[in-house]
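Engineer: This is the structure I want to talk about, given as structure tokens.
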Amino acid sequence: MSAVVIPATGAGEVESTEQMDQEVISRVLAGSKDAFGVLISRYSDPLYRHALGMTGSPDVAEDILQASFIKAYQHLGEVRGRFDAWVFRIVANSCKDWLKNIRRTHVSYDEDDQPSVYSTPEEEMDRNELRTDLQYALARLAPSLREAFVMKHVEGRSYEEMAILLETTVGALKMRVHRAREALQQLLEEKYA
Amino acid sequence: MRRDDASVAGDEGEGVGRLRGGKKNDERESRLMDREVPLVAGVGHAALHDWLDGELDQSRARDAEGASQVDLWARINAESEMLRRRTTPMYVHKAIMSALPDETPSPVAQWTTALRENPGTIAVIAGVILAVGALALVMMR
């Protein structure tokens, strides 16, 4: 089994990561607030990408990440088992709550500051158009399908990792990912395929 | 499962109309998507899914599904990989640390853990329940 958010190659590394997390948690519970920064540095990137993929908004993703880590800090004494899976569930539930509560679809990747891999302005325009359309199409998926698609395609997780994090079966997740792909394809193929 | 507001509200007015489908289609798609029923082998772009799951070569997926479908998903994958490289802005780390409450979180002993660690407690609780039940029976007579 591989580590959920820190890539690992064997069970030994998972145990080691878990052990390191437990040591940090013990330090925090003993009064070292700064030690919590280790957990933030270790896990914020994959959690941020999940929130970004689910909400489509960098601002919302940052807010969710901050609120989730504060909640994790306040309830740190309740962690049973793996911290990474526990904190992922806090973020994932926050994202789903946000999706349930919003009245408007908030889609904005306009703050993308990633370097372009496209060589011409035409390719860059095509890429921007596809990105926008993909986000609009993702926004139309049911939260459970969107979550499965984001975890598989954006976060690049294996079905086994997803099953651990979402506490469900690999088979159920494959179905969700397949249905998400089918739905996205229906929405996008008329224009692109 | 109820379709979420995010998937419905705002779609019409924010440009999704240029993609396919209206509200009726949304509802039909939602009903179809939310049910987890077994996928029938060989139906619904099986080769495409196998390729996207890393179980099939792209060339074989192209033969089975057609170039346009595979090219579309290759572009979607490229875009997904761009998103995968995004990292948390540094100011977010600092904002989280400065927003943490001053109180040290306290270790919480869950009652289930306490019971596991003291099996005798279970026997005592069971005895009390039985005693109360027997007393209640006597009183009812």
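By convention in this document, the chains of the structure tokens carry letters A, B, ... by their order, each chain's residues are numbered from 1, and ligands are numbered from 1 in the order they are shown.
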Would you please give, as a PDB file with C-alpha atoms, in the first residue's frame, all residues of chain A that DSSP assigns to helix (DSSP H, G or I) based on the backbone?
Structural biologist:
ATOM      1  CA  ALA A  11       4.424  -0.467   3.817  1.00  0.00           C
ATOM      2  CA  GLY A  12       7.543   0.389   5.794  1.00  0.00           C
ATOM      3  CA  GLU A  13       7.533   3.947   4.494  1.00  0.00           C
ATOM      4  CA  VAL A  14       3.846   4.327   5.293  1.00  0.00           C
ATOM      5  CA  GLU A  15       4.520   3.221   8.859  1.00  0.00           C
ATOM      6  CA  SER A  16       7.467   5.562   9.028  1.00  0.00           C
ATOM      7  CA  THR A  17       5.390   8.513   7.830  1.00  0.00           C
ATOM      8  CA  GLU A  18       2.640   7.602  10.254  1.00  0.00           C
ATOM      9  CA  GLN A  19       5.153   7.374  13.056  1.00  0.00           C
ATOM     10  CA  MET A  20       6.651  10.747  12.166  1.00  0.00           C
ATOM     11  CA  ASP A  21       3.168  12.276  12.157  1.00  0.00           C
ATOM     12  CA  GLN A  22       2.432  10.762  15.552  1.00  0.00           C
ATOM     13  CA  GLU A  23       5.636  12.237  16.948  1.00  0.00           C
ATOM     14  CA  VAL A  24       4.702  15.680  15.670  1.00  0.00           C
ATOM     15  CA  ILE A  25       1.181  15.313  17.076  1.00  0.00           C
ATOM     16  CA  SER A  26       2.624  14.394  20.484  1.00  0.00           C
ATOM     17  CA  ARG A  27       4.794  17.524  20.413  1.00  0.00           C
ATOM     18  CA  VAL A  28       1.794  19.706  19.536  1.00  0.00           C
ATOM     19  CA  LEU A  29      -0.312  18.136  22.285  1.00  0.00           C
ATOM     20  CA  LYS A  33       2.220  25.025  18.586  1.00  0.00           C
ATOM     21  CA  ASP A  34       5.019  25.576  16.074  1.00  0.00           C
ATOM     22  CA  ALA A  35       5.323  21.831  15.525  1.00  0.00           C
ATOM     23  CA  PHE A  36       1.956  21.919  13.778  1.00  0.00           C
ATOM     24  CA  GLY A  37       3.706  23.798  10.969  1.00  0.00           C
ATOM     25  CA  VAL A  38       5.452  20.531  10.070  1.00  0.00           C
ATOM     26  CA  LEU A  39       2.098  18.900   9.350  1.00  0.00           C
ATOM     27  CA  ILE A  40       0.951  21.920   7.346  1.00  0.00           C
ATOM     28  CA  SER A  41       4.100  21.839   5.201  1.00  0.00           C
ATOM     29  CA  ARG A  42       3.847  18.093   4.747  1.00  0.00           C
ATOM     30  CA  TYR A  43       0.226  17.917   3.640  1.00  0.00           C
ATOM     31  CA  SER A  44      -0.958  21.308   2.426  1.00  0.00           C
ATOM     32  CA  ASP A  45      -0.133  20.890  -1.273  1.00  0.00           C
ATOM     33  CA  PRO A  46      -2.226  17.778  -2.027  1.00  0.00           C
ATOM     34  CA  LEU A  47      -5.028  19.122   0.153  1.00  0.00           C
ATOM     35  CA  TYR A  48      -4.912  22.482  -1.625  1.00  0.00           C
ATOM     36  CA  ARG A  49      -5.076  20.773  -5.013  1.00  0.00           C
ATOM     37  CA  HIS A  50      -8.078  18.766  -3.870  1.00  0.00           C
ATOM     38  CA  ALA A  51      -9.885  21.892  -2.686  1.00  0.00           C
ATOM     39  CA  LEU A  52      -8.933  23.726  -5.873  1.00  0.00           C
ATOM     40  CA  GLY A  53     -10.157  20.897  -8.069  1.00  0.00           C
ATOM     41  CA  MET A  54     -13.421  20.628  -6.165  1.00  0.00           C
ATOM     42  CA  THR A  55     -14.232  24.325  -5.920  1.00  0.00           C
ATOM     43  CA  PRO A  58      -8.058  29.506  -5.565  1.00  0.00           C
ATOM     44  CA  ASP A  59      -9.589  31.890  -3.018  1.00  0.00           C
ATOM     45  CA  VAL A  60     -12.135  29.350  -1.809  1.00  0.00           C
ATOM     46  CA  ALA A  61      -9.504  26.589  -1.776  1.00  0.00           C
ATOM     47  CA  GLU A  62      -7.277  28.725   0.453  1.00  0.00           C
ATOM     48  CA  ASP A  63     -10.158  29.464   2.818  1.00  0.00           C
ATOM     49  CA  ILE A  64     -11.111  25.795   3.037  1.00  0.00           C
ATOM     50  CA  LEU A  65      -7.504  24.788   3.640  1.00  0.00           C
ATOM     51  CA  GLN A  66      -7.094  27.319   6.421  1.00  0.00           C
ATOM     52  CA  ALA A  67     -10.374  26.425   8.146  1.00  0.00           C
ATOM     53  CA  SER A  68      -9.609  22.709   7.843  1.00  0.00           C
ATOM     54  CA  PHE A  69      -6.154  22.968   9.389  1.00  0.00           C
ATOM     55  CA  ILE A  70      -7.515  25.074  12.242  1.00  0.00           C
ATOM     56  CA  LYS A  71     -10.204  22.460  12.847  1.00  0.00           C
ATOM     57  CA  ALA A  72      -7.576  19.723  12.679  1.00  0.00           C
ATOM     58  CA  TYR A  73      -5.468  21.579  15.249  1.00  0.00           C
ATOM     59  CA  GLN A  74      -8.380  22.007  17.635  1.00  0.00           C
ATOM     60  CA  LEU A  76      -5.782  16.928  17.132  1.00  0.00           C
ATOM     61  CA  GLY A  77      -6.217  14.884  20.299  1.00  0.00           C
ATOM     62  CA  GLU A  78      -8.971  12.903  18.592  1.00  0.00           C
ATOM     63  CA  PHE A  83      -3.316  11.852  10.250  1.00  0.00           C
ATOM     64  CA  ASP A  84      -3.167  12.314   6.468  1.00  0.00           C
ATOM     65  CA  ALA A  85      -6.390  10.369   5.897  1.00  0.00           C
ATOM     66  CA  TRP A  86      -8.080  12.114   8.810  1.00  0.00           C
ATOM     67  CA  VAL A  87      -7.216  15.626   7.661  1.00  0.00           C
ATOM     68  CA  PHE A  88      -8.104  14.741   4.062  1.00  0.00           C
ATOM     69  CA  ARG A  89     -11.612  13.846   5.180  1.00  0.00           C
ATOM     70  CA  ILE A  90     -11.950  17.214   6.920  1.00  0.00           C
ATOM     71  CA  VAL A  91     -10.994  19.014   3.689  1.00  0.00           C
ATOM     72  CA  ALA A  92     -13.128  16.752   1.479  1.00  0.00           C
ATOM     73  CA  ASN A  93     -16.205  17.278   3.675  1.00  0.00           C
ATOM     74  CA  SER A  94     -15.625  21.024   3.704  1.00  0.00           C
ATOM     75  CA  CYS A  95     -15.474  21.045  -0.090  1.00  0.00           C
ATOM     76  CA  LYS A  96     -18.714  19.083  -0.364  1.00  0.00           C
ATOM     77  CA  ASP A  97     -20.406  21.374   2.162  1.00  0.00           C
ATOM     78  CA  TRP A  98     -19.270  24.376   0.126  1.00  0.00           C
ATOM     79  CA  LEU A  99     -20.643  22.852  -3.066  1.00  0.00           C
ATOM     80  CA  LYS A 100     -23.974  22.208  -1.364  1.00  0.00           C
ATOM     81  CA  ASN A 101     -24.232  25.721  -0.032  1.00  0.00           C
ATOM     82  CA  PRO A 121      -0.167  31.970 -28.513  1.00  0.00           C
ATOM     83  CA  GLU A 122      -2.706  29.873 -30.440  1.00  0.00           C
ATOM     84  CA  GLU A 123      -1.896  26.825 -28.339  1.00  0.00           C
ATOM     85  CA  GLU A 124      -2.122  28.937 -25.201  1.00  0.00           C
ATOM     86  CA  MET A 125      -5.568  30.209 -26.261  1.00  0.00           C
ATOM     87  CA  ASP A 126      -6.739  26.677 -27.002  1.00  0.00           C
ATOM     88  CA  ARG A 127      -5.501  25.573 -23.626  1.00  0.00           C
ATOM     89  CA  ASN A 128      -7.297  28.391 -21.823  1.00  0.00           C
ATOM     90  CA  GLU A 129     -10.523  27.607 -23.647  1.00  0.00           C
ATOM     91  CA  LEU A 130     -10.323  23.919 -22.808  1.00  0.00           C
ATOM     92  CA  ARG A 131      -9.502  24.704 -19.190  1.00  0.00           C
ATOM     93  CA  THR A 132     -12.519  26.970 -18.878  1.00  0.00           C
ATOM     94  CA  ASP A 133     -14.832  24.479 -20.559  1.00  0.00           C
ATOM     95  CA  LEU A 134     -13.474  21.637 -18.442  1.00  0.00           C
ATOM     96  CA  GLN A 135     -14.156  23.609 -15.290  1.00  0.00           C
ATOM     97  CA  TYR A 136     -17.689  24.440 -16.387  1.00  0.00           C
ATOM     98  CA  ALA A 137     -18.269  20.788 -17.217  1.00  0.00           C
ATOM     99  CA  LEU A 138     -16.806  19.665 -13.861  1.00  0.00           C
ATOM    100  CA  ALA A 139     -19.087  22.117 -12.070  1.00  0.00           C
ATOM    101  CA  PRO A 143     -20.155  16.216  -5.972  1.00  0.00           C
ATOM    102  CA  SER A 144     -19.327  12.525  -5.567  1.00  0.00           C
ATOM    103  CA  LEU A 145     -18.448  12.199  -9.271  1.00  0.00           C
ATOM    104  CA  ARG A 146     -16.502  15.430  -9.292  1.00  0.00           C
ATOM    105  CA  GLU A 147     -14.582  14.295  -6.208  1.00  0.00           C
ATOM    106  CA  ALA A 148     -13.688  10.970  -7.802  1.00  0.00           C
ATOM    107  CA  PHE A 149     -12.596  12.604 -11.066  1.00  0.00           C
ATOM    108  CA  VAL A 150     -10.468  15.233  -9.313  1.00  0.00           C
ATOM    109  CA  MET A 151      -8.764  12.638  -7.123  1.00  0.00           C
ATOM    110  CA  LYS A 152      -8.013  10.368 -10.056  1.00  0.00           C
ATOM    111  CA  HIS A 153      -7.107  12.813 -12.801  1.00  0.00           C
ATOM    112  CA  VAL A 154      -6.019  16.033 -11.097  1.00  0.00           C
ATOM    113  CA  TYR A 159      -7.932   3.734  -6.856  1.00  0.00           C
ATOM    114  CA  GLU A 160      -6.486   2.028  -3.784  1.00  0.00           C
ATOM    115  CA  GLU A 161      -5.424   5.350  -2.260  1.00  0.00           C
ATOM    116  CA  MET A 162      -8.820   6.817  -3.046  1.00  0.00           C
ATOM    117  CA  ALA A 163     -10.547   3.877  -1.398  1.00  0.00           C
ATOM    118  CA  ILE A 164      -8.597   4.444   1.823  1.00  0.00           C
ATOM    119  CA  LEU A 165      -9.296   8.156   1.868  1.00  0.00           C
ATOM    120  CA  LEU A 166     -12.981   7.930   1.011  1.00  0.00           C
ATOM    121  CA  VAL A 170     -12.165   0.307  -5.388  1.00  0.00           C
ATOM    122  CA  GLY A 171     -15.075  -0.979  -7.486  1.00  0.00           C
ATOM    123  CA  ALA A 172     -17.392   1.820  -6.375  1.00  0.00           C
ATOM    124  CA  LEU A 173     -14.719   4.404  -7.121  1.00  0.00           C
ATOM    125  CA  LYS A 174     -14.043   3.003 -10.580  1.00  0.00           C
ATOM    126  CA  MET A 175     -17.737   3.359 -11.319  1.00  0.00           C
ATOM    127  CA  ARG A 176     -17.739   6.960 -10.139  1.00  0.00           C
ATOM    128  CA  VAL A 177     -14.667   7.855 -12.197  1.00  0.00           C
ATOM    129  CA  HIS A 178     -16.072   6.120 -15.282  1.00  0.00           C
ATOM    130  CA  ARG A 179     -19.405   7.904 -14.916  1.00  0.00           C
ATOM    131  CA  ALA A 180     -17.654  11.220 -14.425  1.00  0.00           C
ATOM    132  CA  ARG A 181     -15.642  10.647 -17.605  1.00  0.00           C
ATOM    133  CA  GLU A 182     -18.740   9.670 -19.554  1.00  0.00           C
ATOM    134  CA  ALA A 183     -20.548  12.787 -18.377  1.00  0.00           C
ATOM    135  CA  LEU A 184     -17.610  15.063 -19.159  1.00  0.00           C
ATOM    136  CA  GLN A 185     -17.187  13.501 -22.558  1.00  0.00           C
ATOM    137  CA  GLN A 186     -20.849  14.105 -23.364  1.00  0.00           C
ATOM    138  CA  LEU A 187     -20.457  17.728 -22.368  1.00  0.00           C
ATOM    139  CA  LEU A 188     -17.199  18.349 -24.200  1.00  0.00           C
ATOM    140  CA  GLU A 189     -17.156  16.104 -27.251  1.00  0.00           C
ATOM    141  CA  GLU A 190     -19.478  18.180 -29.410  1.00  0.00           C
ATOM    142  CA  LYS A 191     -17.042  21.034 -29.276  1.00  0.00           C
ATOM    143  CA  TYR A 192     -13.733  19.208 -29.094  1.00  0.00           C
TER     144      TYR A 192
END
Engineer: For each of B:Pro105, B:Gly66, B:Gly120, B:Gly133, take the minimum atom-to-atom distance to chain A, counting only C-alpha atoms, then give the residue where this is smallest.
Structural biologist: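 Of the candidates, the smallest distance to chain A is held by B:Pro105.
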